[in-house]
file target_18.cif (mmCIF, C-alpha atoms)
data_upload
#
loop_
_atom_site.label_atom_id
_atom_site.label_comp_id
_atom_site.auth_asym_id
_atom_site.auth_seq_id
_atom_site.Cartn_x
_atom_site.Cartn_y
_atom_site.Cartn_z
CA ARG A 1 11.32 -15.60 1.99
CA PHE A 2 14.63 -17.51 2.19
CA PHE A 3 16.52 -14.81 0.25
CA HIS A 4 14.89 -11.98 2.23
CA ALA A 5 15.67 -13.70 5.56
CA SER A 6 19.28 -14.29 4.42
CA LEU A 7 19.68 -10.54 3.75
CA LEU A 8 18.79 -9.76 7.36
CA LYS A 9 21.25 -12.30 8.82
CA PRO A 10 24.99 -11.57 9.43
CA GLU A 11 25.82 -13.45 6.18
CA GLY A 12 23.68 -10.95 4.25
CA ARG A 13 25.77 -7.96 5.33
CA PRO A 14 27.36 -7.47 1.86
CA GLY A 15 23.87 -7.20 0.37
CA LEU A 16 22.62 -4.77 3.03
CA ASP A 17 25.76 -2.65 2.56
CA TYR A 18 25.13 -2.59 -1.21
CA PHE A 19 21.54 -1.39 -0.73
CA ALA A 20 22.76 1.20 1.78
CA ARG A 21 25.23 2.52 -0.83
CA ARG A 22 22.30 2.76 -3.24
CA ARG A 23 20.45 4.74 -0.52
CA LEU A 24 17.64 2.23 -0.12
CA PRO A 25 15.87 2.43 3.27
CA MET A 26 14.61 -0.72 4.96
CA HIS A 27 10.95 -0.04 4.13
CA MET A 28 11.79 -0.12 0.39
CA ILE A 29 13.81 -3.32 0.83
CA ARG A 30 10.75 -4.88 2.49
CA HIS A 31 8.28 -3.41 -0.01
CA PHE A 32 10.07 -5.02 -2.97
CA GLY A 33 11.02 -8.15 -1.00
CA LEU A 34 14.72 -7.75 -1.80
CA GLY A 35 17.12 -10.42 -0.62
CA TRP A 36 20.55 -12.01 -0.59
CA ALA A 37 21.62 -15.34 -2.10
CA PRO A 38 24.29 -16.77 0.28
CA GLU A 39 27.80 -17.56 -0.97
CA SER A 40 27.36 -21.30 -0.43
CA ARG A 41 26.29 -23.09 -3.61
CA PHE A 42 23.95 -25.39 -1.67
CA ALA A 43 22.26 -23.05 0.86
CA LEU A 44 18.90 -22.81 -0.94
CA VAL A 45 18.96 -26.41 -2.18
CA ASN A 46 19.45 -27.67 1.40
CA HIS A 47 16.71 -25.33 2.69
CA LEU A 48 14.22 -26.52 0.05
CA ARG A 49 15.13 -30.18 0.54
CA ALA A 50 14.36 -29.78 4.26
CA LYS A 51 10.94 -28.42 3.23
CA GLY A 52 10.26 -31.55 1.21
CA TYR A 53 10.98 -30.39 -2.35
CA SER A 54 12.72 -32.75 -4.75
CA GLU A 55 15.86 -31.77 -6.66
CA SER A 56 14.00 -32.13 -9.97
CA GLU A 57 11.38 -29.61 -8.76
CA MET A 58 14.13 -27.13 -7.82
CA ILE A 59 15.74 -27.53 -11.25
CA GLN A 60 12.38 -27.16 -13.04
CA ALA A 61 11.73 -23.96 -11.05
CA ASN A 62 15.23 -22.81 -12.13
CA VAL A 63 16.29 -21.93 -8.58
CA ALA A 64 18.83 -24.76 -8.94
CA VAL A 65 20.95 -26.18 -11.76
CA GLN A 66 22.25 -29.71 -12.26
CA THR A 67 25.98 -30.29 -11.71
CA ARG A 68 28.06 -32.73 -13.77
CA SER A 69 27.74 -35.23 -10.95
CA GLY A 70 23.96 -35.01 -11.29
CA ARG A 71 23.12 -33.26 -8.01
CA ALA A 72 21.29 -29.94 -7.69
CA MET A 73 23.25 -26.75 -6.94
CA ASP A 74 21.95 -23.20 -6.25
CA ARG A 75 21.53 -21.14 -9.42
CA PHE A 76 22.02 -17.90 -7.47
CA HIS A 77 24.86 -17.30 -5.02
CA ALA A 78 26.59 -14.20 -3.60
CA ARG A 79 24.07 -11.89 -5.29
CA VAL A 80 21.47 -9.37 -4.17
CA MET A 81 18.08 -10.73 -5.18
CA PHE A 82 15.09 -9.04 -6.82
CA PRO A 83 11.91 -11.16 -6.80
CA ILE A 84 9.70 -10.95 -9.89
CA ILE A 85 6.06 -10.94 -8.82
CA ASP A 86 3.04 -11.53 -11.05
CA LEU A 87 -0.22 -9.58 -11.03
CA ARG A 88 -1.75 -11.92 -8.45
CA GLY A 89 1.16 -11.40 -6.03
CA ASN A 90 2.97 -14.70 -6.66
CA VAL A 91 6.77 -14.78 -6.87
CA ILE A 92 7.46 -16.34 -10.29
CA GLY A 93 11.16 -15.64 -10.81
CA PHE A 94 14.26 -13.73 -9.71
CA GLY A 95 16.96 -11.39 -10.87
CA GLY A 96 20.29 -11.63 -9.05
CA ARG A 97 23.05 -8.98 -9.20
CA VAL A 98 26.71 -9.46 -8.31
CA LEU A 99 28.39 -6.87 -6.09
CA ASP A 100 31.73 -6.78 -7.94
CA ASP A 101 32.68 -6.44 -11.62
CA SER A 102 32.39 -10.15 -12.44
CA LYS A 103 30.26 -11.22 -15.37
CA PRO A 104 27.42 -11.71 -15.89
CA LYS A 105 26.35 -8.74 -13.78
CA TYR A 106 22.77 -10.06 -13.67
CA VAL A 107 21.52 -13.64 -13.65
CA ASN A 108 17.79 -13.98 -14.27
CA THR A 109 15.44 -16.92 -13.96
CA SER A 110 15.16 -18.74 -17.28
CA ASP A 111 11.71 -19.51 -18.67
CA THR A 112 9.84 -22.07 -16.53
CA LEU A 113 6.29 -23.44 -16.35
CA VAL A 114 5.22 -20.31 -14.45
CA TYR A 115 7.59 -17.64 -15.77
CA SER A 116 8.28 -16.20 -19.20
CA LYS A 117 10.42 -13.09 -19.42
CA ARG A 118 8.69 -12.13 -22.70
CA HIS A 119 5.36 -11.87 -20.89
CA ALA A 120 6.29 -10.52 -17.42
CA VAL A 121 6.77 -6.88 -16.41
CA PHE A 122 8.70 -6.02 -13.23
CA ALA A 123 6.66 -4.15 -10.55
CA LEU A 124 3.41 -4.07 -12.57
CA ASN A 125 1.85 -5.74 -9.51
CA PHE A 126 2.45 -2.43 -7.66
CA ALA A 127 2.10 0.04 -10.56
CA LYS A 128 -1.30 -1.22 -11.76
CA ASP A 129 -2.97 0.40 -8.74
CA HIS A 130 -1.28 3.77 -9.31
CA CYS A 131 -1.02 4.20 -13.08
CA ALA A 132 -4.10 6.41 -13.73
CA GLN A 133 -3.68 5.77 -17.47
CA SER A 134 0.06 6.55 -17.48
CA LEU A 135 3.09 4.31 -16.78
CA ILE A 136 6.81 5.08 -16.54
CA LEU A 137 8.90 2.42 -18.29
CA CYS A 138 12.50 1.92 -17.09
CA GLU A 139 15.29 -0.47 -18.03
CA GLY A 140 16.30 -1.99 -14.70
CA TYR A 141 15.21 -3.08 -11.24
CA MET A 142 17.11 -0.34 -9.42
CA ASP A 143 15.63 2.38 -11.66
CA VAL A 144 12.12 1.17 -10.81
CA ILE A 145 12.89 1.12 -7.08
CA ALA A 146 14.50 4.59 -7.15
CA VAL A 147 11.58 6.12 -9.08
CA ASN A 148 9.07 4.42 -6.77
CA GLN A 149 10.97 5.66 -3.71
CA ALA A 150 10.84 9.21 -5.13
CA GLY A 151 7.05 9.00 -5.01
CA PHE A 152 6.13 7.81 -8.50
CA GLU A 153 4.57 4.39 -8.00
CA ASN A 154 3.36 3.98 -11.60
CA VAL A 155 6.77 2.64 -12.69
CA VAL A 156 7.72 -0.69 -14.29
CA ALA A 157 10.63 -2.32 -16.15
CA THR A 158 11.18 -5.03 -18.71
CA LEU A 159 13.14 -8.05 -17.51
CA GLY A 160 16.63 -8.15 -18.96
CA THR A 161 15.29 -7.84 -22.49
CA ALA A 162 14.14 -5.11 -24.83
CA LEU A 163 10.36 -4.57 -24.73
CA THR A 164 8.49 -7.45 -26.38
CA PRO A 165 5.11 -7.37 -28.20
CA GLU A 166 3.62 -9.45 -25.35
CA GLN A 167 4.79 -6.95 -22.71
CA ALA A 168 3.48 -4.03 -24.80
CA ARG A 169 0.04 -5.67 -24.97
CA LEU A 170 0.09 -6.34 -21.20
CA ILE A 171 0.97 -2.68 -20.52
CA ALA A 172 -1.82 -1.57 -22.91
CA GLY A 173 -4.32 -3.20 -20.54
CA TYR A 174 -3.37 -0.72 -17.80
CA ALA A 175 -2.18 2.49 -19.46
CA LYS A 176 -3.02 4.66 -22.44
CA GLU A 177 0.31 6.48 -22.23
CA VAL A 178 3.85 5.31 -21.43
CA ILE A 179 6.75 7.60 -20.57
CA ILE A 180 9.92 5.78 -21.67
CA ALA A 181 12.77 6.45 -19.22
CA TYR A 182 15.50 4.25 -20.64
CA ASP A 183 19.24 4.86 -20.18
CA SER A 184 20.63 7.76 -22.19
CA ASP A 185 23.41 5.70 -23.83
CA GLY A 186 23.41 4.24 -27.37
CA ALA A 187 21.83 0.95 -26.28
CA GLY A 188 19.13 2.86 -24.41
CA ARG A 189 18.29 4.94 -27.50
CA LYS A 190 18.09 1.79 -29.61
CA ALA A 191 15.77 0.16 -27.05
CA THR A 192 13.67 3.35 -26.98
CA ASP A 193 13.16 3.25 -30.77
CA ARG A 194 12.03 -0.37 -30.55
CA ALA A 195 9.72 0.28 -27.60
CA VAL A 196 8.03 3.21 -29.33
CA GLY A 197 7.06 1.06 -32.32
CA LEU A 198 5.74 -1.81 -30.19
CA LEU A 199 3.73 0.49 -27.91
CA GLU A 200 2.17 2.25 -30.90
CA GLU A 201 1.20 -1.15 -32.36
CA ALA A 202 -0.45 -2.00 -29.02
CA GLY A 203 -2.42 1.27 -29.10
CA VAL A 204 -0.40 3.08 -26.43
CA SER A 205 0.98 6.57 -27.00
CA ALA A 206 4.62 7.03 -26.01
CA LYS A 207 6.54 9.97 -24.59
CA ILE A 208 10.30 9.98 -24.10
CA LEU A 209 12.19 11.28 -21.10
CA GLN A 210 15.30 13.26 -22.07
CA MET A 211 17.78 13.03 -19.19
CA ARG A 212 20.72 15.42 -19.20
CA GLY A 213 23.52 15.03 -16.68
CA ALA A 214 22.70 11.45 -15.68
CA LYS A 215 22.75 8.08 -17.41
CA ASP A 216 19.54 6.65 -15.89
CA PRO A 217 16.58 7.63 -13.63
CA ASP A 218 18.27 6.24 -10.49
CA GLU A 219 21.32 8.48 -10.98
CA TYR A 220 19.17 11.47 -12.03
CA ILE A 221 17.02 11.33 -8.88
CA LYS A 222 20.10 10.96 -6.63
CA LYS A 223 21.79 13.96 -8.29
CA PHE A 224 18.87 16.32 -8.82
CA GLY A 225 16.03 15.10 -6.58
CA ALA A 226 12.41 14.01 -6.99
CA GLN A 227 11.08 17.49 -7.81
CA ARG A 228 13.38 17.89 -10.81
CA PHE A 229 12.44 14.39 -11.95
CA LYS A 230 8.75 15.41 -11.77
CA LEU A 231 9.51 18.40 -14.02
CA LEU A 232 11.29 16.02 -16.39
CA LEU A 233 8.22 13.75 -16.49
CA ASP A 234 5.90 16.71 -17.10
CA GLY A 235 8.12 17.90 -19.93
CA ALA A 236 8.55 14.51 -21.61
CA GLY A 237 8.35 15.04 -25.38
CA ASN A 238 6.30 13.12 -27.88
CA VAL A 239 7.83 10.70 -30.35
CA THR A 240 8.09 13.23 -33.20
CA ALA A 241 10.01 15.70 -31.02
CA TYR A 242 12.30 12.88 -29.84
CA ARG A 243 13.04 11.72 -33.40
CA LEU A 244 13.69 15.25 -34.65
CA GLY A 245 16.02 15.85 -31.70
CA ASP A 246 17.85 12.61 -32.46
CA ILE A 247 18.32 13.61 -36.11
CA ARG A 248 19.42 17.12 -35.08
CA SER A 249 22.10 15.66 -32.81
CA ARG A 250 23.57 13.59 -35.65
CA TYR A 251 23.91 16.25 -38.33
CA ASP A 252 25.52 19.65 -38.68
CA LEU A 253 22.53 21.85 -39.44
CA GLU A 254 24.80 24.76 -40.40
#
call {"tool": "encode", "arguments": {"input": "target_18.cif", "output": "structure tokens"}}
result
Amino acid sequence: RFFHASLLKPEGRPGLDYFARRRLPMHMIRHFGLGWAPESRFALVNHLRAKGYSESEMIQANVAVQTRSGRAMDRFHARVMFPIIDLRGNVIGFGGRVLDDSKPKYVNTSDTLVYSKRHAVFALNFAKDHCAQSLILCEGYMDVIAVNQAGFENVVATLGTALTPEQARLIAGYAKEVIIAYDSDGAGRKATDRAVGLLEEAGVSAKILQMRGAKDPDEYIKKFGAQRFKLLLDGAGNVTAYRLGDIRSRYDLE
């Protein structure tokens, strides 16, 4: 609530401008509870202290880190914030993205007593009510939000990691089929290969989205629209076709 409220204040203007550039309307910002971590390194710490939380609780929750002097300091600052919500609707962690080219681009909550990135799946709290046996699996927060905004609410993402066996088993509880919509670069193809194996082990059949002319679903939908993305989903190939296509692209068949 603090991050979301900060986004709507004058200090959150850089975050609102960023979401506007990404063509996100206010109802999507509210739906996903997006926010802004203020530039001050003590904004959230001071807010939580006023609510009665101790510094050790803030550090344990990983919303704060300990400075050399021993005091608590905000873990997230000057970033747009994506809350990670569990299946019961509780906020259990965050992803924060910088607006410039500084590194790291994303800072995510480390594992805590309530959050493990190996076990959590972004937006499954929304997608579970819309999956009808099939889920779309993306790489990042913005891909999920763009696909959801285009009308496909059965979309989820892993959290800053390649798919894990635990996430594959969690997904298997909600879907019999997963359409993998990872980035079309080398890293995305590598992650796709890994995901296919883990989903098959969990008893889920995989299809792979082949995007031409865009590097990820967010860019594809912005360039070509929701209808073309629907055709892409309907035409997603099975694993064998994907692997044969991959081999074909690497060798001169003449």
call {"tool": "atom_distance", "arguments": {"input": "target_18.cif", "atom1": "CA of Ala132 (chain A)", "atom2": "CA of Glu166 (chain A)"}}
result
21.1 Å
call {"tool": "atom_distance", "arguments": {"input": "target_18.cif", "atom1": "CA of Glu219 (chain A)", "atom2": "CA of Ala20 (chain A)"}}
result
14.8 Å
call {"tool": "closest_residue", "arguments": {"input": "target_18.cif", "among": "A:Asp17, A:Asp216, A:Asp86, A:Glu55", "to": "Arg71 (chain A)", "atoms": "all atoms listed in the file"}}
result
A:Glu55
call {"tool": "residues_around", "arguments": {"input": "target_18.cif", "residues": "region 172-187 of chain A", "least_positions_apart": "2", "cutoff": "7 Å", "atoms": "all atoms listed in the file", "output": "PyMOL selection string"}}
result
chain A and resi 128+131+133-139+168-170+189-192+202-209+211+215-217
call {"tool": "residues_around", "arguments": {"input": "target_18.cif", "residues": "Phe3 (chain A)", "least_positions_apart": "4", "cutoff": "10 Å", "atoms": "all atoms listed in the file", "output": "JSON, numbers by chain"}}
result
{"A": [7, 8, 12, 33, 34, 35, 36, 37, 38, 44, 76, 79, 80, 81, 82, 83]}
call {"tool": "atom_distance", "arguments": {"input": "target_18.cif", "atom1": "CA of Lys105 (chain A)", "atom2": "CA of Met58 (chain A)"}}
result
22.9 Å
call {"tool": "closest_residue", "arguments": {"input": "target_18.cif", "among": "A:Leu87, A:Lys230, A:Tyr220, A:Thr164", "to": "Leu198 (chain A)", "atoms": "all atoms listed in the file"}}
result
A:Thr164
call {"tool": "axis_aligned_box", "arguments": {"input": "target_18.cif", "around": "region 152-163 of chain A", "padding_each_side": "6 Å", "output": "lines of an AutoDock Vina configuration file"}}
result
center_x = 10.0
center_y = -0.2
center_z = -16.4
size_x = 25.3
size_y = 28.0
size_z = 28.8
call {"tool": "closest_residue", "arguments": {"input": "target_18.cif", "among": "A:Val239, A:Leu232, A:Ile221, A:Ile84", "to": "Leu199 (chain A)", "atoms": "all atoms listed in the file"}}
result
A:Val239
